[in-house]
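Enquirer: Coordinates in input31.cif, mmCIF, N, CA and C atoms, are listed below.
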```cif
data_final
loop_
_atom_site.label_atom_id
_atom_site.label_comp_id
_atom_site.auth_asym_id
_atom_site.auth_seq_id
_atom_site.Cartn_x
_atom_site.Cartn_y
_atom_site.Cartn_z
N MET A 819 144.45 31.34 153.59
CA MET A 819 143.33 32.05 154.16
C MET A 819 142.05 31.22 153.96
N ALA A 820 141.28 31.13 155.02
CA ALA A 820 140.02 30.37 154.97
C ALA A 820 139.01 31.05 154.06
N THR A 821 138.22 30.25 153.39
CA THR A 821 137.18 30.80 152.52
C THR A 821 135.80 30.28 152.86
N LYS A 822 135.74 29.20 153.63
CA LYS A 822 134.46 28.60 153.97
C LYS A 822 134.21 28.66 155.47
N ILE A 823 132.93 28.66 155.82
CA ILE A 823 132.52 28.72 157.21
C ILE A 823 133.13 27.58 158.02
N ARG A 824 133.17 26.38 157.46
CA ARG A 824 133.70 25.23 158.21
C ARG A 824 135.12 25.45 158.67
N ASP A 825 135.86 26.32 157.99
CA ASP A 825 137.25 26.57 158.34
C ASP A 825 137.41 27.43 159.59
N ILE A 826 136.38 28.19 159.95
CA ILE A 826 136.52 29.11 161.08
C ILE A 826 135.46 28.92 162.18
N MET A 827 134.43 28.14 161.91
CA MET A 827 133.34 28.00 162.87
C MET A 827 133.80 27.25 164.12
N THR A 828 133.06 27.47 165.19
CA THR A 828 133.22 26.65 166.38
C THR A 828 132.33 25.44 166.17
N GLY A 829 132.93 24.28 166.05
CA GLY A 829 132.18 23.06 165.80
C GLY A 829 131.60 22.47 167.07
N SER A 830 130.75 21.49 166.89
CA SER A 830 130.10 20.81 168.01
C SER A 830 129.54 21.81 169.02
N PRO A 831 128.59 22.64 168.58
CA PRO A 831 128.07 23.67 169.48
C PRO A 831 127.31 23.06 170.65
N THR A 832 127.34 23.76 171.75
CA THR A 832 126.57 23.32 172.91
C THR A 832 125.11 23.61 172.66
N SER A 833 124.29 22.59 172.80
CA SER A 833 122.85 22.74 172.66
C SER A 833 122.19 22.38 173.98
N VAL A 834 121.14 23.11 174.29
CA VAL A 834 120.40 22.85 175.52
C VAL A 834 118.92 22.71 175.20
N SER A 835 118.23 22.01 176.07
CA SER A 835 116.79 21.84 175.94
C SER A 835 116.08 23.14 176.33
N PRO A 836 114.99 23.48 175.64
CA PRO A 836 114.24 24.67 176.03
C PRO A 836 113.64 24.58 177.43
N GLU A 837 113.61 23.37 177.99
CA GLU A 837 113.04 23.17 179.32
C GLU A 837 114.02 23.41 180.46
N LEU A 838 115.31 23.61 180.14
CA LEU A 838 116.29 23.86 181.21
C LEU A 838 116.07 25.25 181.81
N ASP A 839 116.48 25.40 183.06
CA ASP A 839 116.33 26.70 183.73
C ASP A 839 117.55 27.58 183.45
N ILE A 840 117.39 28.87 183.72
CA ILE A 840 118.42 29.87 183.44
C ILE A 840 119.72 29.56 184.18
N VAL A 841 119.63 29.18 185.44
CA VAL A 841 120.82 28.94 186.25
C VAL A 841 121.63 27.77 185.68
N THR A 842 120.98 26.71 185.29
CA THR A 842 121.66 25.55 184.73
C THR A 842 122.40 25.92 183.45
N VAL A 843 121.74 26.69 182.60
CA VAL A 843 122.37 27.11 181.34
C VAL A 843 123.53 28.07 181.61
N ALA A 844 123.35 29.00 182.53
CA ALA A 844 124.43 29.94 182.88
C ALA A 844 125.66 29.19 183.39
N ARG A 845 125.44 28.18 184.20
CA ARG A 845 126.56 27.39 184.71
C ARG A 845 127.25 26.61 183.61
N ALA A 846 126.49 26.09 182.68
CA ALA A 846 127.08 25.37 181.54
C ALA A 846 127.93 26.32 180.70
N MET A 847 127.43 27.53 180.48
CA MET A 847 128.18 28.51 179.70
C MET A 847 129.47 28.89 180.43
N ARG A 848 129.39 29.06 181.73
CA ARG A 848 130.58 29.36 182.54
C ARG A 848 131.58 28.21 182.45
N ASP A 849 131.11 27.01 182.68
CA ASP A 849 132.00 25.85 182.71
C ASP A 849 132.67 25.58 181.37
N GLU A 850 131.95 25.86 180.28
CA GLU A 850 132.50 25.63 178.95
C GLU A 850 133.17 26.87 178.37
N ASP A 851 133.13 27.99 179.11
CA ASP A 851 133.73 29.25 178.69
C ASP A 851 133.22 29.68 177.32
N ILE A 852 131.88 29.71 177.20
CA ILE A 852 131.24 30.11 175.95
C ILE A 852 130.23 31.22 176.21
N GLY A 853 129.92 31.98 175.19
CA GLY A 853 129.00 33.10 175.33
C GLY A 853 127.64 32.87 174.70
N ALA A 854 127.45 31.70 174.09
CA ALA A 854 126.16 31.43 173.44
C ALA A 854 125.93 29.92 173.39
N VAL A 855 124.66 29.55 173.48
CA VAL A 855 124.25 28.16 173.32
C VAL A 855 123.08 28.11 172.36
N LEU A 856 122.96 27.00 171.67
CA LEU A 856 121.80 26.77 170.83
C LEU A 856 120.72 26.12 171.68
N VAL A 857 119.49 26.48 171.42
CA VAL A 857 118.36 25.87 172.10
C VAL A 857 117.71 24.95 171.08
N ALA A 858 117.67 23.66 171.40
CA ALA A 858 117.20 22.68 170.43
C ALA A 858 116.44 21.56 171.12
N GLU A 859 115.55 20.96 170.35
CA GLU A 859 114.90 19.73 170.76
C GLU A 859 115.35 18.69 169.75
N GLY A 860 116.25 17.83 170.18
CA GLY A 860 116.86 16.89 169.25
C GLY A 860 117.70 17.68 168.25
N ASP A 861 117.46 17.44 166.97
CA ASP A 861 118.17 18.18 165.92
C ASP A 861 117.38 19.40 165.45
N ASP A 862 116.24 19.68 166.09
CA ASP A 862 115.38 20.80 165.70
C ASP A 862 115.81 22.06 166.44
N LEU A 863 116.43 22.99 165.72
CA LEU A 863 116.91 24.24 166.31
C LEU A 863 115.74 25.15 166.63
N LYS A 864 115.62 25.54 167.89
CA LYS A 864 114.53 26.40 168.34
C LYS A 864 114.97 27.85 168.54
N GLY A 865 116.24 28.07 168.85
CA GLY A 865 116.71 29.43 169.09
C GLY A 865 118.15 29.45 169.55
N LEU A 866 118.57 30.63 169.98
CA LEU A 866 119.93 30.86 170.44
C LEU A 866 119.85 31.75 171.67
N VAL A 867 120.66 31.47 172.67
CA VAL A 867 120.70 32.27 173.88
C VAL A 867 122.14 32.68 174.14
N THR A 868 122.34 33.97 174.40
CA THR A 868 123.66 34.49 174.72
C THR A 868 123.73 34.81 176.21
N ASP A 869 124.95 35.05 176.67
CA ASP A 869 125.12 35.46 178.06
C ASP A 869 124.38 36.76 178.33
N ARG A 870 124.34 37.65 177.35
CA ARG A 870 123.59 38.90 177.51
C ARG A 870 122.09 38.63 177.66
N ASP A 871 121.56 37.69 176.89
CA ASP A 871 120.14 37.31 177.02
C ASP A 871 119.83 36.86 178.44
N LEU A 872 120.75 36.08 179.03
CA LEU A 872 120.53 35.59 180.39
C LEU A 872 120.33 36.74 181.37
N VAL A 873 121.11 37.80 181.18
CA VAL A 873 121.03 38.94 182.09
C VAL A 873 119.85 39.84 181.76
N VAL A 874 119.77 40.28 180.51
CA VAL A 874 118.78 41.29 180.13
C VAL A 874 117.35 40.74 180.11
N ARG A 875 117.17 39.58 179.52
CA ARG A 875 115.81 39.04 179.42
C ARG A 875 115.48 38.02 180.51
N GLY A 876 116.50 37.56 181.21
CA GLY A 876 116.28 36.57 182.25
C GLY A 876 116.29 37.18 183.63
N LEU A 877 117.48 37.49 184.13
CA LEU A 877 117.61 37.99 185.49
C LEU A 877 116.92 39.34 185.70
N ALA A 878 117.08 40.25 184.76
CA ALA A 878 116.48 41.58 184.91
C ALA A 878 114.96 41.55 184.91
N ALA A 879 114.38 40.49 184.37
CA ALA A 879 112.93 40.37 184.34
C ALA A 879 112.35 39.98 185.70
N GLY A 880 113.21 39.59 186.62
CA GLY A 880 112.75 39.17 187.94
C GLY A 880 112.31 37.72 187.91
N GLY A 881 111.71 37.30 188.98
CA GLY A 881 111.29 35.91 189.06
C GLY A 881 112.41 35.02 189.52
N ASP A 882 112.13 33.77 189.60
CA ASP A 882 113.08 32.77 190.09
C ASP A 882 113.85 32.17 188.92
N PRO A 883 115.16 32.47 188.79
CA PRO A 883 115.93 31.96 187.65
C PRO A 883 116.10 30.44 187.66
N THR A 884 115.82 29.80 188.80
CA THR A 884 115.89 28.34 188.83
C THR A 884 114.61 27.72 188.28
N GLN A 885 113.59 28.55 188.07
CA GLN A 885 112.31 28.07 187.54
C GLN A 885 112.06 28.55 186.10
N ALA A 886 112.65 29.68 185.72
CA ALA A 886 112.43 30.25 184.38
C ALA A 886 113.07 29.35 183.33
N LYS A 887 112.34 29.03 182.30
CA LYS A 887 112.81 28.13 181.25
C LYS A 887 113.58 28.91 180.18
N ILE A 888 114.69 28.35 179.75
CA ILE A 888 115.57 29.01 178.79
C ILE A 888 114.88 29.19 177.44
N GLY A 889 113.95 28.30 177.12
CA GLY A 889 113.23 28.42 175.85
C GLY A 889 112.46 29.72 175.73
N LYS A 890 112.06 30.29 176.86
CA LYS A 890 111.33 31.57 176.85
C LYS A 890 112.25 32.75 176.58
N LEU A 891 113.55 32.59 176.82
CA LEU A 891 114.53 33.66 176.60
C LEU A 891 115.18 33.61 175.23
N ALA A 892 115.10 32.48 174.60
CA ALA A 892 115.84 32.27 173.35
C ALA A 892 115.40 33.23 172.26
N SER A 893 116.39 33.76 171.57
CA SER A 893 116.12 34.56 170.38
C SER A 893 115.79 33.61 169.24
N SER A 894 114.83 33.99 168.46
CA SER A 894 114.53 33.19 167.27
C SER A 894 115.71 33.25 166.32
N VAL A 895 115.96 32.17 165.66
CA VAL A 895 117.02 32.13 164.67
C VAL A 895 116.44 32.63 163.36
N THR A 896 116.89 33.80 162.94
CA THR A 896 116.35 34.41 161.72
C THR A 896 117.20 34.09 160.49
N ALA A 897 118.40 33.58 160.72
CA ALA A 897 119.27 33.25 159.61
C ALA A 897 120.30 32.22 160.06
N THR A 898 120.71 31.40 159.13
CA THR A 898 121.75 30.41 159.38
C THR A 898 122.66 30.38 158.16
N VAL A 899 123.77 29.72 158.31
CA VAL A 899 124.67 29.46 157.18
C VAL A 899 125.01 27.99 157.19
N GLY A 900 125.53 27.53 156.07
CA GLY A 900 126.00 26.16 155.95
C GLY A 900 127.51 26.13 156.05
N PRO A 901 128.09 24.99 156.37
CA PRO A 901 129.54 24.91 156.52
C PRO A 901 130.31 25.20 155.24
N ASP A 902 129.67 25.04 154.09
CA ASP A 902 130.36 25.32 152.83
C ASP A 902 130.06 26.69 152.27
N ASP A 903 129.28 27.50 153.02
CA ASP A 903 129.03 28.88 152.60
C ASP A 903 130.30 29.70 152.77
N SER A 904 130.36 30.81 152.06
CA SER A 904 131.54 31.68 152.11
C SER A 904 131.51 32.58 153.34
N LEU A 905 132.68 33.03 153.71
CA LEU A 905 132.79 33.98 154.81
C LEU A 905 132.07 35.28 154.46
N ASP A 906 132.16 35.67 153.19
CA ASP A 906 131.48 36.89 152.76
C ASP A 906 129.97 36.79 152.93
N LYS A 907 129.41 35.62 152.66
CA LYS A 907 127.97 35.43 152.84
C LYS A 907 127.59 35.60 154.31
N ALA A 908 128.37 35.02 155.21
CA ALA A 908 128.09 35.16 156.63
C ALA A 908 128.19 36.61 157.06
N ALA A 909 129.21 37.32 156.60
CA ALA A 909 129.37 38.73 156.96
C ALA A 909 128.19 39.56 156.44
N GLN A 910 127.75 39.26 155.24
CA GLN A 910 126.61 39.98 154.68
C GLN A 910 125.34 39.73 155.49
N ILE A 911 125.09 38.49 155.86
CA ILE A 911 123.91 38.15 156.66
C ILE A 911 123.98 38.85 158.02
N MET A 912 125.14 38.81 158.67
CA MET A 912 125.29 39.46 159.97
C MET A 912 125.02 40.96 159.87
N ARG A 913 125.52 41.56 158.82
CA ARG A 913 125.31 42.99 158.60
C ARG A 913 123.83 43.28 158.38
N GLU A 914 123.19 42.54 157.50
CA GLU A 914 121.79 42.78 157.16
C GLU A 914 120.85 42.51 158.34
N ARG A 915 121.15 41.49 159.13
CA ARG A 915 120.26 41.08 160.24
C ARG A 915 120.67 41.67 161.58
N SER A 916 121.81 42.37 161.60
CA SER A 916 122.34 42.94 162.85
C SER A 916 122.48 41.87 163.93
N VAL A 917 123.14 40.77 163.57
CA VAL A 917 123.41 39.70 164.52
C VAL A 917 124.92 39.48 164.61
N ARG A 918 125.34 38.94 165.73
CA ARG A 918 126.77 38.71 165.96
C ARG A 918 127.16 37.25 165.85
N ARG A 919 126.15 36.38 165.83
CA ARG A 919 126.41 34.94 165.74
C ARG A 919 125.40 34.30 164.80
N LEU A 920 125.87 33.31 164.07
CA LEU A 920 124.99 32.55 163.18
C LEU A 920 125.18 31.06 163.45
N PRO A 921 124.08 30.36 163.66
CA PRO A 921 124.19 28.90 163.72
C PRO A 921 124.59 28.36 162.34
N VAL A 922 125.37 27.31 162.35
CA VAL A 922 125.79 26.64 161.12
C VAL A 922 125.02 25.32 161.06
N LEU A 923 124.22 25.17 160.01
CA LEU A 923 123.42 23.96 159.85
C LEU A 923 123.90 23.16 158.66
N GLU A 924 123.91 21.84 158.83
CA GLU A 924 124.22 20.92 157.74
C GLU A 924 123.14 19.86 157.73
N ASP A 925 122.48 19.71 156.61
CA ASP A 925 121.36 18.77 156.49
C ASP A 925 120.30 19.05 157.56
N GLY A 926 120.11 20.34 157.87
CA GLY A 926 119.06 20.75 158.80
C GLY A 926 119.40 20.61 160.27
N ARG A 927 120.61 20.16 160.59
CA ARG A 927 120.95 20.03 162.01
C ARG A 927 122.15 20.91 162.34
N PRO A 928 122.18 21.44 163.58
CA PRO A 928 123.27 22.33 163.98
C PRO A 928 124.61 21.60 164.08
N VAL A 929 125.63 22.17 163.43
CA VAL A 929 126.97 21.59 163.48
C VAL A 929 128.01 22.60 163.96
N GLY A 930 127.59 23.85 164.16
CA GLY A 930 128.55 24.86 164.59
C GLY A 930 127.91 26.21 164.80
N ILE A 931 128.74 27.15 165.22
CA ILE A 931 128.36 28.56 165.34
C ILE A 931 129.52 29.36 164.79
N VAL A 932 129.20 30.40 164.04
CA VAL A 932 130.22 31.32 163.57
C VAL A 932 129.87 32.70 164.13
N SER A 933 130.88 33.37 164.65
CA SER A 933 130.65 34.68 165.27
C SER A 933 131.32 35.78 164.47
N ILE A 934 130.92 36.99 164.77
CA ILE A 934 131.53 38.14 164.12
C ILE A 934 133.03 38.19 164.46
N GLY A 935 133.38 37.74 165.65
CA GLY A 935 134.78 37.68 166.03
C GLY A 935 135.56 36.68 165.20
N ASP A 936 134.94 35.53 164.90
CA ASP A 936 135.58 34.54 164.04
C ASP A 936 135.89 35.15 162.68
N LEU A 937 134.91 35.87 162.14
CA LEU A 937 135.11 36.51 160.84
C LEU A 937 136.19 37.57 160.90
N ALA A 938 136.19 38.37 161.97
CA ALA A 938 137.18 39.43 162.11
C ALA A 938 138.59 38.86 162.17
N MET A 939 138.77 37.77 162.93
CA MET A 939 140.11 37.17 163.04
C MET A 939 140.60 36.68 161.68
N GLU A 940 139.70 36.19 160.86
CA GLU A 940 140.10 35.65 159.56
C GLU A 940 140.27 36.73 158.51
N LYS A 941 139.34 37.67 158.47
CA LYS A 941 139.34 38.66 157.39
C LYS A 941 140.23 39.86 157.66
N ASP A 942 140.42 40.23 158.92
CA ASP A 942 141.24 41.39 159.26
C ASP A 942 141.91 41.15 160.60
N SER A 943 142.94 40.33 160.58
CA SER A 943 143.58 39.90 161.82
C SER A 943 144.23 41.05 162.59
N ALA A 944 144.40 42.21 161.95
CA ALA A 944 145.01 43.36 162.63
C ALA A 944 143.97 44.25 163.30
N SER A 945 142.70 43.94 163.14
CA SER A 945 141.65 44.79 163.71
C SER A 945 141.55 44.61 165.22
N ALA A 946 141.00 45.61 165.87
CA ALA A 946 140.80 45.54 167.32
C ALA A 946 139.86 44.39 167.67
N LEU A 947 138.80 44.20 166.88
CA LEU A 947 137.85 43.12 167.15
C LEU A 947 138.54 41.76 167.05
N ALA A 948 139.42 41.61 166.09
CA ALA A 948 140.16 40.34 165.96
C ALA A 948 141.05 40.12 167.18
N ASP A 949 141.71 41.19 167.65
CA ASP A 949 142.56 41.07 168.84
C ASP A 949 141.75 40.64 170.05
N ILE A 950 140.61 41.28 170.25
CA ILE A 950 139.74 40.96 171.39
C ILE A 950 139.22 39.53 171.28
N SER A 951 138.79 39.16 170.09
CA SER A 951 138.24 37.82 169.87
C SER A 951 139.30 36.74 170.07
N ALA A 952 140.49 36.99 169.62
CA ALA A 952 141.58 36.01 169.79
C ALA A 952 141.92 35.85 171.26
N ALA A 953 141.89 36.94 172.02
CA ALA A 953 142.22 36.87 173.43
C ALA A 953 141.17 36.10 174.21
N ARG A 954 139.90 36.24 173.83
CA ARG A 954 138.82 35.55 174.53
C ARG A 954 138.84 34.09 174.23
N GLY A 955 139.08 33.72 172.97
CA GLY A 955 139.15 32.32 172.60
C GLY A 955 137.81 31.60 172.58
N ASN A 956 136.69 32.33 172.54
CA ASN A 956 135.39 31.66 172.46
C ASN A 956 134.43 32.49 171.64
N THR A 957 133.27 31.92 171.40
CA THR A 957 132.28 32.64 170.63
C THR A 957 131.26 33.23 171.53
#
```
Go ahead and express the file in the form of structure tokens.

Expert:
Amino acid sequence: MATKIRDIMTGSPTSVSPELDIVTVARAMRDEDIGAVLVAEGDDLKGLVTDRDLVVRGLAAGGDPTQAKIGKLASSVTATVGPDDSLDKAAQIMRERSVRRLPVLEDGRPVGIVSIGDLAMEKDSASALADISAARGNT
């Protein structure tokens, strides 16, 4: 059984520039079959955008999605974990912050993302959330 974040995280996370438009990011998420991207300038993490953010804060806001910058939609990153942190620490942070995904930083740069589904598959593989997460195969 895994005990560290590095054992269950999705490594090499997709990062996008805050200057990209919503449509470009949505297509990247579709093509890579992922539900979240990190927004970064170089190794400097600026935020996180989910597929839900694209719809609720992007498309529903109106305007031209080919002109709207993804940096304006990004959620601030209020917490991160390191690859050697425990799964329990990640679960506690997710619970306290009411978040479903945490960027994984090593030496200040993004190296992965861990999701609530990743934790569910590892900690309680018989749970409904683990079943759903395993079927999706992405974060």

Enquirer: I'd like to see the residues matched by the PyMOL selection byres (((chain A and resi 928-936 and name CA) around 7) and name CA) on this file, and ideally I'd get them as a PyMOL selection string.

Expert: chain A and resi 826-831+861+918-924+926-927+937-940+947-948+951+957

Enquirer: Evaluating the PyMOL selection byres ((chain A and resi 822) around 8) on the displayed file yields which residues, as a list in words?

Expert: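 Expected selection for the PyMOL selection byres ((chain A and resi 822) around 8) here is Met819, Ala820, Thr821, Ile823, Arg824, Asp825, Ile826, Met827, Gly900, Pro901, Asp902, Asp903, Ser904, Leu905 and Asp906 of chain A.
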
Enquirer: Decode the PyMOL selection byres ((chain A and resi 837) around 8) for the given file into explicit residues and return them as a compact mmCIF listing (two decimals) with N, CA and C atoms, keeping the file's coordinate frame.

Expert:
```
# COMPACT_ATOMS: atom_id res chain seq x y z
N VAL A 834 121.14 23.11 174.29
CA VAL A 834 120.40 22.85 175.52
C VAL A 834 118.92 22.71 175.20
N SER A 835 118.23 22.01 176.07
CA SER A 835 116.79 21.84 175.94
C SER A 835 116.08 23.14 176.33
N PRO A 836 114.99 23.48 175.64
CA PRO A 836 114.24 24.67 176.03
C PRO A 836 113.64 24.58 177.43
N LEU A 838 115.31 23.61 180.14
CA LEU A 838 116.29 23.86 181.21
C LEU A 838 116.07 25.25 181.81
N ASP A 839 116.48 25.40 183.06
CA ASP A 839 116.33 26.70 183.73
C ASP A 839 117.55 27.58 183.45
N ILE A 840 117.39 28.87 183.72
CA ILE A 840 118.42 29.87 183.44
C ILE A 840 119.72 29.56 184.18
N VAL A 857 119.49 26.48 171.42
CA VAL A 857 118.36 25.87 172.10
C VAL A 857 117.71 24.95 171.08
N ALA A 858 117.67 23.66 171.40
CA ALA A 858 117.20 22.68 170.43
C ALA A 858 116.44 21.56 171.12
N GLN A 885 113.59 28.55 188.07
CA GLN A 885 112.31 28.07 187.54
C GLN A 885 112.06 28.55 186.10
N ALA A 886 112.65 29.68 185.72
CA ALA A 886 112.43 30.25 184.38
C ALA A 886 113.07 29.35 183.33
N LYS A 887 112.34 29.03 182.30
CA LYS A 887 112.81 28.13 181.25
C LYS A 887 113.58 28.91 180.18
N ILE A 888 114.69 28.35 179.75
CA ILE A 888 115.57 29.01 178.79
C ILE A 888 114.88 29.19 177.44
N GLY A 889 113.95 28.30 177.12
CA GLY A 889 113.23 28.42 175.85
C GLY A 889 112.46 29.72 175.73
N LYS A 890 112.06 30.29 176.86
CA LYS A 890 111.33 31.57 176.85
C LYS A 890 112.25 32.75 176.58
```

Enquirer: May I have the residues at most 12 Å from (120.0, 40.8, 163.6) in the file's coordinates, counting only C-alpha atoms, as a PyMOL selection string?

Expert: chain A and resi 893-898+909-920+934

Enquirer: What is the distance between atom CA of A:Asp871 and atom CA of A:Val855, in Å to one decimal?

Expert: 10.7 Å

Enquirer: Pull the strand (DSSP E or B) assignments for chain A out of DSSP run on the backbone, and list those residues as JSON, numbers by chain.

Expert: {"A": [822, 828, 829, 833, 834, 839, 854, 855, 856, 857, 858, 859, 862, 863, 864, 865, 866, 867, 868, 887, 893, 899, 904, 919, 920, 921, 922, 923, 924, 927, 928, 929, 930, 931, 932, 933]}

Enquirer: Suppose we keep N, CA and C atoms; can you now write the selection as an mmCIF file, in the coordinates of the input?

Expert:
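Everything below was put into selection-v5.cif:
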```cif
data_model
loop_
_atom_site.group_PDB
_atom_site.id
_atom_site.type_symbol
_atom_site.label_atom_id
_atom_site.label_comp_id
_atom_site.auth_asym_id
_atom_site.auth_seq_id
_atom_site.Cartn_x
_atom_site.Cartn_y
_atom_site.Cartn_z
ATOM 1 N N LYS A 822 135.740 29.200 153.630
ATOM 2 C CA LYS A 822 134.460 28.600 153.970
ATOM 3 C C LYS A 822 134.210 28.660 155.470
ATOM 4 N N THR A 828 133.060 27.470 165.190
ATOM 5 C CA THR A 828 133.220 26.650 166.380
ATOM 6 C C THR A 828 132.330 25.440 166.170
ATOM 7 N N GLY A 829 132.930 24.280 166.050
ATOM 8 C CA GLY A 829 132.180 23.060 165.800
ATOM 9 C C GLY A 829 131.600 22.470 167.070
ATOM 10 N N SER A 833 124.290 22.590 172.800
ATOM 11 C CA SER A 833 122.850 22.740 172.660
ATOM 12 C C SER A 833 122.190 22.380 173.980
ATOM 13 N N VAL A 834 121.140 23.110 174.290
ATOM 14 C CA VAL A 834 120.400 22.850 175.520
ATOM 15 C C VAL A 834 118.920 22.710 175.200
ATOM 16 N N ASP A 839 116.480 25.400 183.060
ATOM 17 C CA ASP A 839 116.330 26.700 183.730
ATOM 18 C C ASP A 839 117.550 27.580 183.450
ATOM 19 N N ALA A 854 127.450 31.700 174.090
ATOM 20 C CA ALA A 854 126.160 31.430 173.440
ATOM 21 C C ALA A 854 125.930 29.920 173.390
ATOM 22 N N VAL A 855 124.660 29.550 173.480
ATOM 23 C CA VAL A 855 124.250 28.160 173.320
ATOM 24 C C VAL A 855 123.080 28.110 172.360
ATOM 25 N N LEU A 856 122.960 27.000 171.670
ATOM 26 C CA LEU A 856 121.800 26.770 170.830
ATOM 27 C C LEU A 856 120.720 26.120 171.680
ATOM 28 N N VAL A 857 119.490 26.480 171.420
ATOM 29 C CA VAL A 857 118.360 25.870 172.100
ATOM 30 C C VAL A 857 117.710 24.950 171.080
ATOM 31 N N ALA A 858 117.670 23.660 171.400
ATOM 32 C CA ALA A 858 117.200 22.680 170.430
ATOM 33 C C ALA A 858 116.440 21.560 171.120
ATOM 34 N N GLU A 859 115.550 20.960 170.350
ATOM 35 C CA GLU A 859 114.900 19.730 170.760
ATOM 36 C C GLU A 859 115.350 18.690 169.750
ATOM 37 N N ASP A 862 116.240 19.680 166.090
ATOM 38 C CA ASP A 862 115.380 20.800 165.700
ATOM 39 C C ASP A 862 115.810 22.060 166.440
ATOM 40 N N LEU A 863 116.430 22.990 165.720
ATOM 41 C CA LEU A 863 116.910 24.240 166.310
ATOM 42 C C LEU A 863 115.740 25.150 166.630
ATOM 43 N N LYS A 864 115.620 25.540 167.890
ATOM 44 C CA LYS A 864 114.530 26.400 168.340
ATOM 45 C C LYS A 864 114.970 27.850 168.540
ATOM 46 N N GLY A 865 116.240 28.070 168.850
ATOM 47 C CA GLY A 865 116.710 29.430 169.090
ATOM 48 C C GLY A 865 118.150 29.450 169.550
ATOM 49 N N LEU A 866 118.570 30.630 169.980
ATOM 50 C CA LEU A 866 119.930 30.860 170.440
ATOM 51 C C LEU A 866 119.850 31.750 171.670
ATOM 52 N N VAL A 867 120.660 31.470 172.670
ATOM 53 C CA VAL A 867 120.700 32.270 173.880
ATOM 54 C C VAL A 867 122.140 32.680 174.140
ATOM 55 N N THR A 868 122.340 33.970 174.400
ATOM 56 C CA THR A 868 123.660 34.490 174.720
ATOM 57 C C THR A 868 123.730 34.810 176.210
ATOM 58 N N LYS A 887 112.340 29.030 182.300
ATOM 59 C CA LYS A 887 112.810 28.130 181.250
ATOM 60 C C LYS A 887 113.580 28.910 180.180
ATOM 61 N N SER A 893 116.390 33.760 171.570
ATOM 62 C CA SER A 893 116.120 34.560 170.380
ATOM 63 C C SER A 893 115.790 33.610 169.240
ATOM 64 N N VAL A 899 123.770 29.720 158.310
ATOM 65 C CA VAL A 899 124.670 29.460 157.180
ATOM 66 C C VAL A 899 125.010 27.990 157.190
ATOM 67 N N SER A 904 130.360 30.810 152.060
ATOM 68 C CA SER A 904 131.540 31.680 152.110
ATOM 69 C C SER A 904 131.510 32.580 153.340
ATOM 70 N N ARG A 919 126.150 36.380 165.830
ATOM 71 C CA ARG A 919 126.410 34.940 165.740
ATOM 72 C C ARG A 919 125.400 34.300 164.800
ATOM 73 N N LEU A 920 125.870 33.310 164.070
ATOM 74 C CA LEU A 920 124.990 32.550 163.180
ATOM 75 C C LEU A 920 125.180 31.060 163.450
ATOM 76 N N PRO A 921 124.080 30.360 163.660
ATOM 77 C CA PRO A 921 124.190 28.900 163.720
ATOM 78 C C PRO A 921 124.590 28.360 162.340
ATOM 79 N N VAL A 922 125.370 27.310 162.350
ATOM 80 C CA VAL A 922 125.790 26.640 161.120
ATOM 81 C C VAL A 922 125.020 25.320 161.060
ATOM 82 N N LEU A 923 124.220 25.170 160.010
ATOM 83 C CA LEU A 923 123.420 23.960 159.850
ATOM 84 C C LEU A 923 123.900 23.160 158.660
ATOM 85 N N GLU A 924 123.910 21.840 158.830
ATOM 86 C CA GLU A 924 124.220 20.920 157.740
ATOM 87 C C GLU A 924 123.140 19.860 157.730
ATOM 88 N N ARG A 927 120.610 20.160 160.590
ATOM 89 C CA ARG A 927 120.950 20.030 162.010
ATOM 90 C C ARG A 927 122.150 20.910 162.340
ATOM 91 N N PRO A 928 122.180 21.440 163.580
ATOM 92 C CA PRO A 928 123.270 22.330 163.980
ATOM 93 C C PRO A 928 124.610 21.600 164.080
ATOM 94 N N VAL A 929 125.630 22.170 163.430
ATOM 95 C CA VAL A 929 126.970 21.590 163.480
ATOM 96 C C VAL A 929 128.010 22.600 163.960
ATOM 97 N N GLY A 930 127.590 23.850 164.160
ATOM 98 C CA GLY A 930 128.550 24.860 164.590
ATOM 99 C C GLY A 930 127.910 26.210 164.800
ATOM 100 N N ILE A 931 128.740 27.150 165.220
ATOM 101 C CA ILE A 931 128.360 28.560 165.340
ATOM 102 C C ILE A 931 129.520 29.360 164.790
ATOM 103 N N VAL A 932 129.200 30.400 164.040
ATOM 104 C CA VAL A 932 130.220 31.320 163.570
ATOM 105 C C VAL A 932 129.870 32.700 164.130
ATOM 106 N N SER A 933 130.880 33.370 164.650
ATOM 107 C CA SER A 933 130.650 34.680 165.270
ATOM 108 C C SER A 933 131.320 35.780 164.470
#
```

Enquirer: Just checking: using all atoms listed in the file, which residue out of A:Ala892, A:Val841, A:Asp869, A:Thr884 ends up closest to A:Gly853?

Expert: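 Ranked by minimum distance to A:Gly853, first place goes to A:Asp869.
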
Enquirer: What's the separation between atom CA of A:Lys864 and atom N of A:Lys941, in Å to one decimal place?

Expert: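 Interatomic distance here is 29.0 Å.
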
Enquirer: For atom C of A:Arg875 and atom N of A:Leu891, determine how far apart the two atoms are, in Å to one decimal place.

Expert: 6.8 Å

Enquirer: For the structure I just gave you, how does DSSP split chain A - specifically, which residues are alpha helix (DSSP H)? Reply as number ranges by chain.

Expert: A: 840-850, 869-871, 905-915, 934-941, 946-954
